[in-house]
>>> print(open('query16.csv').read())   # CSV, C-alpha atoms
chain,number,residue,atom,x,y,z
A,1,MET,CA,-19.2,-3.3,-11.4
A,2,LEU,CA,-22.8,-2.5,-11.2
A,3,MET,CA,-23.8,0.2,-8.7
A,4,ASN,CA,-26.0,-2.3,-6.9
A,5,GLY,CA,-23.3,-5.0,-6.9
A,6,ARG,CA,-21.3,-6.3,-4.0
A,7,LEU,CA,-18.1,-4.3,-3.3
A,8,ASP,CA,-15.3,-6.7,-2.4
A,9,GLY,CA,-11.6,-6.0,-2.1
A,10,HIS,CA,-9.8,-2.7,-2.3
A,11,ILE,CA,-10.6,0.4,-4.1
A,12,VAL,CA,-7.7,1.4,-6.4
A,13,GLN,CA,-7.7,4.4,-8.6
A,14,GLY,CA,-4.4,3.9,-10.4
A,15,HIS,CA,-2.7,7.1,-9.0
A,16,VAL,CA,0.8,7.2,-7.8
A,17,ASP,CA,1.0,9.0,-4.4
A,18,MET,CA,4.7,8.6,-3.8
A,19,THR,CA,7.5,6.0,-4.2
A,20,ALA,CA,9.0,3.6,-1.7
A,21,GLU,CA,12.0,1.4,-1.5
A,22,CYS,CA,12.0,-2.4,-0.8
A,23,ILE,CA,14.2,-2.7,2.3
A,24,ALA,CA,13.6,-6.4,3.1
A,25,LYS,CA,12.4,-9.6,1.4
A,26,GLU,CA,12.0,-12.8,3.4
A,27,ASP,CA,10.5,-16.2,3.0
A,28,ALA,CA,7.4,-17.0,5.1
A,29,GLN,CA,6.7,-20.7,4.7
A,30,GLY,CA,6.0,-20.4,0.9
A,31,SER,CA,4.8,-16.9,0.8
A,32,THR,CA,7.2,-13.9,0.8
A,33,TYR,CA,7.1,-10.8,3.1
A,34,PHE,CA,8.2,-7.6,1.4
A,35,THR,CA,9.0,-4.6,3.6
A,36,PHE,CA,8.9,-1.1,2.1
A,37,ARG,CA,10.1,2.3,3.4
A,38,TYR,CA,8.7,5.6,2.2
A,39,ASN,CA,9.4,9.2,3.1
A,40,TYR,CA,7.2,10.1,6.1
A,41,ASP,CA,5.9,13.6,5.8
A,42,PRO,CA,3.6,14.8,8.6
A,43,GLU,CA,1.6,17.1,6.3
A,44,MET,CA,1.0,14.2,3.8
A,45,ALA,CA,0.0,11.9,6.7
A,46,ARG,CA,-2.6,14.5,7.8
A,47,ARG,CA,-4.0,14.3,4.3
A,48,GLY,CA,-4.4,10.5,4.5
A,49,TYR,CA,-1.1,9.4,3.0
A,50,PHE,CA,-0.2,6.6,5.5
A,51,THR,CA,-0.7,2.9,6.1
A,52,VAL,CA,-2.7,1.1,8.7
A,53,ASP,CA,-2.7,-2.5,9.8
A,54,LYS,CA,-5.1,-4.5,7.7
A,55,GLY,CA,-5.7,-1.5,5.5
A,56,SER,CA,-5.0,-1.4,1.8
A,57,VAL,CA,-2.1,-0.1,-0.3
A,58,SER,CA,-1.3,-0.4,-3.9
A,59,VAL,CA,2.3,-1.3,-4.8
A,60,ASN,CA,3.1,-0.9,-8.5
A,61,GLY,CA,-0.6,-1.3,-9.2
A,62,VAL,CA,-1.1,-4.4,-7.1
A,63,SER,CA,-3.7,-3.9,-4.4
A,64,LEU,CA,-2.5,-5.5,-1.1
A,65,THR,CA,-3.3,-5.7,2.6
A,66,VAL,CA,-0.9,-3.9,4.9
A,67,CYS,CA,0.9,-5.7,7.8
A,68,ASN,CA,3.0,-4.3,10.6
A,69,PRO,CA,2.9,-0.6,9.6
A,70,THR,CA,5.1,2.1,11.2
A,71,ALA,CA,5.3,5.8,10.5
A,72,ASP,CA,7.5,5.1,7.4
A,73,THR,CA,7.4,1.4,6.7
A,74,PHE,CA,4.9,-1.4,6.1
A,75,GLN,CA,5.0,-5.1,5.0
A,76,VAL,CA,2.9,-7.1,2.6
A,77,ALA,CA,2.6,-10.8,2.4
A,78,ILE,CA,2.7,-12.1,-1.2
A,79,ILE,CA,1.4,-15.6,-2.0
A,80,PRO,CA,3.2,-17.7,-4.6
A,81,TYR,CA,0.5,-17.1,-7.3
A,82,THR,CA,0.8,-13.3,-6.9
A,83,LEU,CA,4.6,-13.5,-6.9
A,84,GLU,CA,4.5,-15.4,-10.2
A,85,HIS,CA,1.8,-13.4,-11.9
A,86,THR,CA,2.6,-9.8,-11.0
A,87,ASN,CA,5.6,-7.5,-11.1
A,88,PHE,CA,6.5,-8.6,-7.6
A,89,CYS,CA,8.8,-11.3,-9.2
A,90,ASP,CA,11.1,-8.4,-10.2
A,91,ILE,CA,11.1,-6.6,-6.8
A,92,ASN,CA,14.3,-7.1,-4.7
A,93,ILE,CA,15.9,-5.2,-1.8
A,94,GLY,CA,16.7,-1.7,-3.2
A,95,THR,CA,14.0,-1.7,-5.8
A,96,ARG,CA,11.9,1.5,-5.9
A,97,VAL,CA,8.1,1.0,-6.3
A,98,ASN,CA,5.1,3.3,-6.8
A,99,LEU,CA,2.6,3.5,-3.9
A,100,GLU,CA,-1.1,4.5,-3.9
A,101,PHE,CA,-2.5,4.9,-0.4
A,102,ASP,CA,-6.0,3.8,0.6
A,103,ILE,CA,-8.6,6.3,-0.8
A,104,LEU,CA,-10.8,5.8,2.2
A,105,GLY,CA,-8.1,7.2,4.5
A,106,LYS,CA,-7.7,10.2,2.2
A,107,TYR,CA,-11.5,10.9,2.3
A,108,ILE,CA,-11.6,10.6,6.1
A,109,ALA,CA,-8.6,13.0,6.4
A,110,ARG,CA,-10.2,15.5,4.1
A,111,LEU,CA,-13.6,15.4,5.9
A,112,GLN,CA,-11.8,16.1,9.2
A,113,GLN,CA,-10.1,19.1,7.7
A,114,LEU,CA,-13.5,20.5,6.7
A,115,GLN,CA,-14.9,20.4,10.2
>>> encode(input="query16.csv", output="structure tokens")
Amino acid sequence: MLMNGRLDGHIVQGHVDMTAECIAKEDAQGSTYFTFRYNYDPEMARRGYFTVDKGSVSVNGVSLTVCNPTADTFQVAIIPYTLEHTNFCDINIGTRVNLEFDILGKYIARLQQLQ
């Protein structure tokens, strides 16, 4: 991307922040909702390792929009194309996945620590 180009989508760096487990998978009128649970750690959350509604998260390298977050769970809605063309076709209940939390949340948390 050119530095003067339009930024669209999510910023993903390719890091693995922690792992999560798929705890639910349900049909949603053609799409599929996946629910993931990760180990909530208050110190990590203070450093920006958490999810927010409509924020981004990367699951196994696939950048997605978060739905229905709690302290230790979140959902993502996967359209049929994404299910077919990514590793989500291999994710079932009990599958462990890699997570990368939103870098913007990490930057904001770090800036707050410096004040």
>>> atom_distance(input="query16.csv", atom1="CA of Gly55 in chain A", atom2="CA of Glu100 in chain A")
12.1 Å
>>> closest_residue(input="query16.csv", among="A:Lys54, A:Arg96, A:His85, A:Arg110", to="Ile23 in chain A", atoms="all atoms listed in the file")
A:Arg96
>>> residues_around(input="query16.csv", residues="range 89-95 of chain A", least_positions_apart="3", cutoff="8 Å", atoms="only C-alpha atoms", output="PDB file with C-alpha atoms, in the frame of the given file")
ATOM      1  CA  GLU A  21      12.000   1.400  -1.500  1.00  0.00           C
ATOM      2  CA  CYS A  22      12.000  -2.400  -0.800  1.00  0.00           C
ATOM      3  CA  ILE A  23      14.200  -2.700   2.300  1.00  0.00           C
ATOM      4  CA  ALA A  24      13.600  -6.400   3.100  1.00  0.00           C
ATOM      5  CA  LYS A  25      12.400  -9.600   1.400  1.00  0.00           C
ATOM      6  CA  LEU A  83       4.600 -13.500  -6.900  1.00  0.00           C
ATOM      7  CA  GLU A  84       4.500 -15.400 -10.200  1.00  0.00           C
ATOM      8  CA  HIS A  85       1.800 -13.400 -11.900  1.00  0.00           C
ATOM      9  CA  THR A  86       2.600  -9.800 -11.000  1.00  0.00           C
TER      10      THR A  86
END
>>> residues_around(input="query16.csv", residues="Cys67 in chain A", least_positions_apart="2", cutoff="6 Å", atoms="only C-alpha atoms", output="PyMOL selection string")
chain A and resi 53+69+75-76
>>> residues_around(input="query16.csv", residues="Ala77 in chain A", least_positions_apart="3", cutoff="8 Å", atoms="all atoms listed in the file", output="list of chain:residue names")
A:Ser31, A:Thr32, A:Tyr33, A:Phe34, A:Thr65, A:Cys67
>>> closest_residue(input="query16.csv", among="A:Asn4, A:Gln112, A:Gly30, A:Thr19", to="Ile78 in chain A", atoms="all atoms listed in the file")
A:Gly30
>>> residues_around(input="query16.csv", residues="Leu99 in chain A", least_positions_apart="6", cutoff="6 Å", atoms="all atoms listed in the file", output="list in words")
Val16, Asp17, Met18, Thr19, Ser58 and Val59 of chain A
>>> closest_residue(input="query16.csv", among="A:Thr35, A:His15, A:Asp27, A:Ala45", to="Lys106 in chain A", atoms="all atoms listed in the file")
A:Ala45
>>> closest_residue(input="query16.csv", among="A:Thr73, A:Asp102, A:Ser56, A:Ser63", to="Phe36 in chain A", atoms="all atoms listed in the file")
A:Thr73
>>> atom_distance(input="query16.csv", atom1="CA of Arg47 in chain A", atom2="CA of Gln113 in chain A")
8.5 Å
>>> atom_distance(input="query16.csv", atom1="CA of Thr82 in chain A", atom2="CA of Ala20 in chain A")
19.5 Å
>>> closest_residue(input="query16.csv", among="A:Ile79, A:Phe101, A:Leu111, A:Val66", to="Phe50 in chain A", atoms="only C-alpha atoms")
A:Phe101
>>> residues_near_point(input="query16.csv", point="(8.4, 10.6, 6.2)", cutoff="12 Å", atoms="only C-alpha atoms", output="PyMOL selection string")
chain A and resi 18-20+37-46+49-51+70-73
